[in-house]
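> Input: one structure, supplied below.
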Amino acid sequence: MNRTKGDEEEYWNSSKFKAFTFDDEDDELSQLKESKRAVNSLRDFVDDDDDDDLERVSWSGEPVGSISWSIKETAGNSGSNQEGREQLRSRNSFSSYPQLPKPTSTYSLSSLFRGRTRLGSFQSLSDALSDTPAKSYAPELGRPRGEYRDYSSDWSPSDTVRRLRKGKVCSLERFRSLQDKLQLLEEAVSMHDGNVITAVLIFLKRTLSKEILFRELEVRQVALRHLIHFLKEIGDQKLLLDLFRFLDRTEELALSHYREHLNIQDPEKRKEFLKTCIGLPFSAEDSAHIQDHYTLLERQIIIEANDRHLELAGQTEIFRKHPRKASILNMPLVTTLFYSCFYHYSEAEGTFSSPVNLKKTFKIPDKQYVLTALAARAKLRAWHDVDALFTTKNWLGYTKKRAPIGFHRVVEILHKNNAPVQILQEYVNLVEDVDTKLNLAIKFKCHDVVIDTCRDLKDRQQLLAYRSKVDKGSAEEEKIDAALSSSQIRWKN
């Protein structure tokens, strides 16, 4: 084809291909090196296995895989090829030269990596990317239609509850009217799922006033119970008190008010708060407990102040030998009784710290008192006090040992506190059941009790078996041999 000089200049200025000149050889070599460096730096983003600058060109002269080629392919599939070309021609036009009748996109992926424009000038990668059209023509996979419904919030109350039950994220903000919110609550209750009911109640608590919420829950007992439990768990005492006051549940209102004492750390302030709780409408049994709690804390404050003074003074032997490890304040009644039996066992009944005074004031049962006092005195190895604890006198003046908790438990507590064998044998002998006594004697190695019991049972075989468990040449072995050789015992085996 014959071209005029002006047409050839226009062709070489507008075409992607350039005429060869010897002056451009060095420039092309530097461009090639810079292009390779750019490609190597973008290996993490672009998977390009070719190390050369070769390009595959389509029939239209555009590089295969370039942006312009993708635009043309997409536009051709959509049926608007001509319109897309016109828009791109108007956006990507860099000169006023007349264009040849072919796609005029001036960018390809390789030219973006090189940073080279149509006219041979260089620009940064960010500038090249910023010059691309804002609209993306690349094909995109569509999302499932069900996913768009999550974001459009067009679920019904029943569908919303079902999704909440499955643990899926679902917004409740679309339910704005009171009717929709109550319908949502009804669906949650009918599903019989506590987590879903609680989630809906949290939404209603946040979006409804207290009066409306309480009024609607009053006729929905299942949801009401869930809300009461939830408020107790999160410790929202103020709203819980308002709810009980609205429902006219005076006893539960009083118990919730009493529970607030757990948040008061100062003993004096807690005591004053408990004093205000005494007049609240509790049941008869609960009222007695509230009164005992106040009286106990009052005693503990007095005992703590007195014992702290004695401990700092260092003049009391019991505090010097056994320093206190913790404060007695806010401790349970049994712990307070153990403390009094440990530090104030011999005090007169008229003092606040006397164990007998505590027993009478709080009506502690005999079993509980004996068990606690035995543990405290055995820990101090005060065996005389232990003996006196179980010694009683009848109306004729005769003494007898009696244990409300059973002597088998006494033996176990004494052994736990490393009581001597003589003390253990004395109380093992007081166990009434023979089999229990023999088992305890064998367990705690009370040899004399075992020998005497086997002899009384005339059980020669068991006595012979036990003979192998004692030390050879010991007094116990001699005692067993004497019993076995006795002619006065008629053995049953």
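Following the order of the structure tokens, first chain is A, next is B, and so on, with residues numbered from 1 inside each chain and ligands from 1 in the order they appear.
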Run DSSP on the backbone of this structure and report the residues of region 245-360 of chain A it assigns to helix (DSSP H, G or I), as a PyMOL selection string.
chain A and resi 245-247+250-263+267-277+284-313+317-321+333-343+355-360
> Can you list, as an NGL selection string, every protein, DNA or RNA residue that comes within 7 Å of region 278-289 of chain A when you count only C-alpha atoms, leaving out same-chain residues fewer than 6 positions away?
:A and (250-251 or 254)
> Store the residues picked out above, limited to all heavy atoms, as a tab-separated table (two decimals), in the first residue's frame.

```tsv
chain	number	residue	atom	x	y	z
A	250	THR	N	-42.74	-8.96	96.27
A	250	THR	CA	-42.07	-8.31	97.40
A	250	THR	C	-40.93	-9.16	97.96
A	250	THR	O	-39.87	-8.64	98.31
A	250	THR	CB	-43.09	-8.01	98.50
A	250	THR	OG1	-43.75	-9.24	98.88
A	250	THR	CG2	-44.14	-7.03	98.02
A	251	GLU	N	-41.14	-10.47	98.06
A	251	GLU	CA	-40.10	-11.32	98.64
A	251	GLU	C	-38.86	-11.39	97.73
A	251	GLU	O	-37.73	-11.29	98.21
A	251	GLU	CB	-40.65	-12.72	98.88
A	251	GLU	CG	-39.68	-13.63	99.62
A	251	GLU	CD	-40.31	-14.96	99.98
A	251	GLU	OE1	-41.56	-15.08	99.91
A	251	GLU	OE2	-39.56	-15.90	100.32
A	254	ALA	N	-37.03	-8.19	98.03
A	254	ALA	CA	-36.21	-8.12	99.25
A	254	ALA	C	-34.93	-8.93	99.10
A	254	ALA	O	-33.85	-8.48	99.52
A	254	ALA	CB	-37.03	-8.61	100.44
```
> Give me the residues near region 337-352 of chain A as a list in words, where near means some atom within 7 Å (using only C-alpha atoms) and where sequence neighbours in that chain fewer than 4 positions away do not count.
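Here the qualifying residues turn out to be Arg299, Ile318, Leu333, Val356, Asn357, Leu358, Thr372, Ala373, Ala376 and Arg377 of chain A.
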> Env of Arg460 (chain A): 8 Å cut, atoms = only C-alpha atoms, seq-sep filter 2 positions within chain, self excluded. Answer as a PDB file with N, CA, C and O atoms, in the first residue's frame.

```pdb
ATOM      1  N   CYS A 454      -9.635 -59.926 118.886  1.00  0.00           N
ATOM      2  CA  CYS A 454      -9.562 -61.295 118.348  1.00  0.00           C
ATOM      3  C   CYS A 454      -9.681 -62.335 119.463  1.00  0.00           C
ATOM      4  O   CYS A 454     -10.302 -63.397 119.271  1.00  0.00           O
ATOM      5  N   ARG A 455      -9.117 -62.035 120.594  1.00  0.00           N
ATOM      6  CA  ARG A 455      -9.233 -62.966 121.721  1.00  0.00           C
ATOM      7  C   ARG A 455     -10.666 -63.040 122.218  1.00  0.00           C
ATOM      8  O   ARG A 455     -11.176 -64.122 122.526  1.00  0.00           O
ATOM      9  N   LYS A 458     -12.564 -65.074 119.917  1.00  0.00           N
ATOM     10  CA  LYS A 458     -12.030 -66.431 119.863  1.00  0.00           C
ATOM     11  C   LYS A 458     -11.687 -66.844 118.425  1.00  0.00           C
ATOM     12  O   LYS A 458     -11.922 -67.972 117.997  1.00  0.00           O
ATOM     13  N   GLN A 462      -7.425 -65.488 112.654  1.00  0.00           N
ATOM     14  CA  GLN A 462      -7.148 -64.072 112.414  1.00  0.00           C
ATOM     15  C   GLN A 462      -6.022 -63.582 113.312  1.00  0.00           C
ATOM     16  O   GLN A 462      -5.210 -62.747 112.901  1.00  0.00           O
ATOM     17  N   LEU A 463      -5.952 -64.099 114.540  1.00  0.00           N
ATOM     18  CA  LEU A 463      -4.872 -63.706 115.439  1.00  0.00           C
ATOM     19  C   LEU A 463      -3.530 -64.217 114.915  1.00  0.00           C
ATOM     20  O   LEU A 463      -2.509 -63.516 115.000  1.00  0.00           O
ATOM     21  N   LEU A 464      -3.498 -65.437 114.373  1.00  0.00           N
ATOM     22  CA  LEU A 464      -2.270 -65.962 113.784  1.00  0.00           C
ATOM     23  C   LEU A 464      -1.849 -65.140 112.570  1.00  0.00           C
ATOM     24  O   LEU A 464      -0.649 -64.880 112.350  1.00  0.00           O
ATOM     25  N   LEU A 484      -2.426 -67.299 122.371  1.00  0.00           N
ATOM     26  CA  LEU A 484      -2.571 -68.541 121.592  1.00  0.00           C
ATOM     27  C   LEU A 484      -2.286 -69.789 122.429  1.00  0.00           C
ATOM     28  O   LEU A 484      -2.878 -70.855 122.189  1.00  0.00           O
ATOM     29  N   TRP A 491     -11.117 -71.731 121.386  1.00  0.00           N
ATOM     30  CA  TRP A 491     -11.105 -71.110 120.047  1.00  0.00           C
ATOM     31  C   TRP A 491     -12.185 -71.715 119.163  1.00  0.00           C
ATOM     32  O   TRP A 491     -12.453 -72.917 119.240  1.00  0.00           O
ATOM     33  N   LYS A 492     -12.767 -70.867 118.336  1.00  0.00           N
ATOM     34  CA  LYS A 492     -13.825 -71.355 117.448  1.00  0.00           C
ATOM     35  C   LYS A 492     -13.255 -71.875 116.125  1.00  0.00           C
ATOM     36  O   LYS A 492     -14.001 -72.463 115.343  1.00  0.00           O
ATOM     37  N   ASN A 493     -11.995 -71.660 115.819  1.00  0.00           N
ATOM     38  CA  ASN A 493     -11.395 -72.162 114.578  1.00  0.00           C
ATOM     39  C   ASN A 493      -9.920 -72.509 114.814  1.00  0.00           C
ATOM     40  O   ASN A 493      -9.372 -72.275 115.871  1.00  0.00           O
TER      41      ASN A 493
END
```
